[in-house]
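Source file start_8.pdb; content: PDB, C-alpha atoms.
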```
ATOM      1  CA  MET X   1       0.000   0.000   0.000
ATOM      2  CA  LEU X   2       2.613   2.571   1.050
ATOM      3  CA  VAL X   3       4.870   1.488  -1.799
ATOM      4  CA  ALA X   4       2.055   2.032  -4.311
ATOM      5  CA  VAL X   5       1.352   5.540  -3.027
ATOM      6  CA  THR X   6       5.063   6.384  -2.957
ATOM      7  CA  ALA X   7       5.482   5.243  -6.552
ATOM      8  CA  ALA X   8       2.279   6.952  -7.700
ATOM      9  CA  VAL X   9       3.110  10.265  -6.051
ATOM     10  CA  GLY X  10       6.347  10.672  -7.938
ATOM     11  CA  MET X  11       9.950   9.742  -8.205
ATOM     12  CA  THR X  12      11.495  13.106  -7.292
ATOM     13  CA  GLY X  13      12.718  11.702  -3.982
ATOM     14  CA  CYS X  14      14.822   9.166  -5.895
ATOM     15  CA  ALA X  15      16.710  11.915  -7.699
ATOM     16  CA  SER X  16      17.789  13.380  -4.362
ATOM     17  CA  GLY X  17      19.128  10.049  -3.114
ATOM     18  CA  GLY X  18      16.322   8.791  -0.880
ATOM     19  CA  ALA X  19      12.715   7.792  -0.548
ATOM     20  CA  ARG X  20      10.111  10.389   0.345
ATOM     21  CA  GLU X  21       8.724  10.290   3.860
ATOM     22  CA  LEU X  22       4.938  10.326   3.662
ATOM     23  CA  THR X  23       2.666  11.482   6.472
ATOM     24  CA  GLY X  24      -1.029  11.824   7.175
ATOM     25  CA  ASP X  25      -3.787   9.434   6.139
ATOM     26  CA  LEU X  26      -2.039   6.788   4.051
ATOM     27  CA  MET X  27      -4.613   3.993   4.396
ATOM     28  CA  VAL X  28      -5.271   3.347   0.705
ATOM     29  CA  HIS X  29      -5.676   0.284  -1.488
ATOM     30  CA  ASP X  30      -5.637   0.282  -5.299
ATOM     31  CA  PRO X  31      -4.797   4.005  -5.610
ATOM     32  CA  ALA X  32      -5.487   6.096  -8.711
ATOM     33  CA  LEU X  33      -3.611   9.411  -8.848
ATOM     34  CA  ALA X  34      -4.716  12.679 -10.457
ATOM     35  CA  GLU X  35      -3.235  16.165 -10.291
ATOM     36  CA  GLU X  36      -4.962  19.512 -10.733
ATOM     37  CA  ASP X  37      -3.651  23.014 -10.065
ATOM     38  CA  GLY X  38      -0.703  21.768  -7.993
ATOM     39  CA  THR X  39      -2.765  19.444  -5.784
ATOM     40  CA  SER X  40      -2.487  15.654  -5.998
ATOM     41  CA  TYR X  41      -5.572  13.518  -5.421
ATOM     42  CA  VAL X  42      -5.610   9.796  -4.697
ATOM     43  CA  TYR X  43      -8.833   7.846  -5.172
ATOM     44  CA  SER X  44      -8.854   4.390  -3.593
ATOM     45  CA  THR X  45     -10.852   1.227  -3.000
ATOM     46  CA  GLY X  46     -13.606   1.689  -0.443
ATOM     47  CA  ASN X  47     -13.776   0.075   2.964
ATOM     48  CA  ALA X  48     -17.088  -1.569   3.913
ATOM     49  CA  THR X  49     -16.713  -0.261   7.484
ATOM     50  CA  VAL X  50     -16.084   3.361   6.386
ATOM     51  CA  ALA X  51     -18.674   5.443   4.520
ATOM     52  CA  ASP X  52     -20.591   2.403   3.293
ATOM     53  CA  GLY X  53     -17.645   1.216   1.163
ATOM     54  CA  ASN X  54     -17.619   4.150  -1.251
ATOM     55  CA  ILE X  55     -14.494   5.170  -3.204
ATOM     56  CA  GLN X  56     -12.308   7.267  -0.883
ATOM     57  CA  ILE X  57     -10.482  10.527  -1.708
ATOM     58  CA  ARG X  58      -7.244  11.897  -0.259
ATOM     59  CA  SER X  59      -5.259  14.959  -1.309
ATOM     60  CA  SER X  60      -1.849  16.527  -0.880
ATOM     61  CA  ASP X  61      -0.405  19.890  -1.867
ATOM     62  CA  ASP X  62       3.193  18.650  -1.631
ATOM     63  CA  GLY X  63       2.999  14.919  -2.443
ATOM     64  CA  ARG X  64       4.139  14.061   1.087
ATOM     65  CA  ASN X  65       1.374  15.034   3.522
ATOM     66  CA  TRP X  66      -1.963  13.371   2.763
ATOM     67  CA  GLN X  67      -5.429  14.175   4.130
ATOM     68  CA  TYR X  68      -8.653  12.199   3.898
ATOM     69  CA  ARG X  69     -11.230  14.280   1.975
ATOM     70  CA  GLY X  70     -14.284  12.041   1.958
ATOM     71  CA  GLU X  71     -15.885   9.817  -0.629
ATOM     72  CA  VAL X  72     -16.855  10.116  -4.267
ATOM     73  CA  TRP X  73     -20.564   9.590  -3.474
ATOM     74  CA  GLN X  74     -22.476  10.204  -0.275
ATOM     75  CA  ASP X  75     -24.689   7.228  -1.188
ATOM     76  CA  LYS X  76     -23.896   4.457  -3.643
ATOM     77  CA  PRO X  77     -25.734   4.829  -6.956
ATOM     78  CA  GLU X  78     -28.943   2.764  -7.194
ATOM     79  CA  TRP X  79     -27.797   1.055 -10.389
ATOM     80  CA  LEU X  80     -24.838  -0.446  -8.526
ATOM     81  CA  GLY X  81     -26.957  -2.737  -6.359
ATOM     82  CA  GLU X  82     -28.826  -3.891  -9.452
ATOM     83  CA  ALA X  83     -25.659  -4.451 -11.513
ATOM     84  CA  VAL X  84     -23.660  -6.129  -8.712
ATOM     85  CA  PRO X  85     -26.015  -7.518  -6.051
ATOM     86  CA  GLY X  86     -24.501  -7.790  -2.572
ATOM     87  CA  VAL X  87     -21.573  -5.453  -3.201
ATOM     88  CA  SER X  88     -20.255  -4.078   0.096
ATOM     89  CA  ASN X  89     -17.418  -1.878  -1.108
ATOM     90  CA  LEU X  90     -16.252  -0.388  -4.395
ATOM     91  CA  TRP X  91     -12.886  -1.498  -5.744
ATOM     92  CA  ALA X  92     -10.022  -0.148  -7.811
ATOM     93  CA  PRO X  93     -11.164   3.230  -9.122
ATOM     94  CA  GLU X  94      -9.871   4.384 -12.482
ATOM     95  CA  LEU X  95      -9.667   8.018 -13.520
ATOM     96  CA  ILE X  96     -10.058   9.016 -17.160
ATOM     97  CA  GLU X  97      -9.883  12.513 -18.611
ATOM     98  CA  HIS X  98     -12.304  13.010 -21.486
ATOM     99  CA  ASP X  99     -12.581  16.273 -23.421
ATOM    100  CA  GLY X 100     -10.752  18.194 -20.684
ATOM    101  CA  THR X 101     -12.807  16.905 -17.760
TER     102      THR X 101
END
```

Now, as a test, write the supplied structure out as structure tokens.
Amino acid sequence: MLVAVTAAVGMTGCASGGARELTGDLMVHDPALAEEDGTSYVYSTGNATVADGNIQIRSSDDGRNWQYRGEVWQDKPEWLGEAVPGVSNLWAPELIEHDGT
């Protein structure tokens, strides 16, 4: 988990001769990284015991200090229960930019 976030956040620490020390909320699984206006966002697999298993969001302004920002949805979409009956948490988010959004 920590290795995946370290690799996803960037390799600039390697150029300076050492690994980056990360702090904050690092409890992620299957991270997907996006950057916008100097802020990095990590979206990760949900946890059935936290926020009903929705995709989780964390952010960092420096790539080192991470904060939990909430979930993608407050409530899971209705179609999800119909498409995947019995799902308790959402896995492995993927981020795709399409037409600038």

Residue with smallest distance to Gly24 of chain X - pool X:Trp79, X:Trp66, X:Trp91, X:Trp73, counting all atoms listed in the file: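 The answer is X:Trp66, which sits nearest to Gly24 of chain X.
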
Atomic separation - atom CA of Pro85 of chain X relative to atom CA of Gly46 of chain X, Å: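 These atoms are spaced 16.4 Å apart.
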
Local residues around (-19.3, 5.2, -2.6), at most 10 Å away, using only C-alpha atoms, as a PyMOL selection string: chain X and resi 45-48+50-56+70-77+80+88-91

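Distance-wise, atom CA of Asp62 of chain X and atom CA of Thr101 of chain X end up 22.8 Å apart.
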
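Residues matched by the PyMOL selection byres ((chain X and resi 59) around 8) in this file are X:Thr39, X:Ser40, X:Tyr41, X:Val42, X:Ile57, X:Arg58, X:Ser60, X:Asp61, X:Trp66, X:Gln67, X:Tyr68, X:Arg69.
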
Point-to-point distance in Å for atom CA of Glu36 of chain X and atom CA of Glu21 of chain X: 22.0 Å

Which residue of X:Val87, X:Ala92, X:Asn65, X:Glu78 approaches Arg20 of chain X most closely, using all atoms listed in the file: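 Using all atoms listed in the file, Arg20 of chain X sits closest to X:Asn65.
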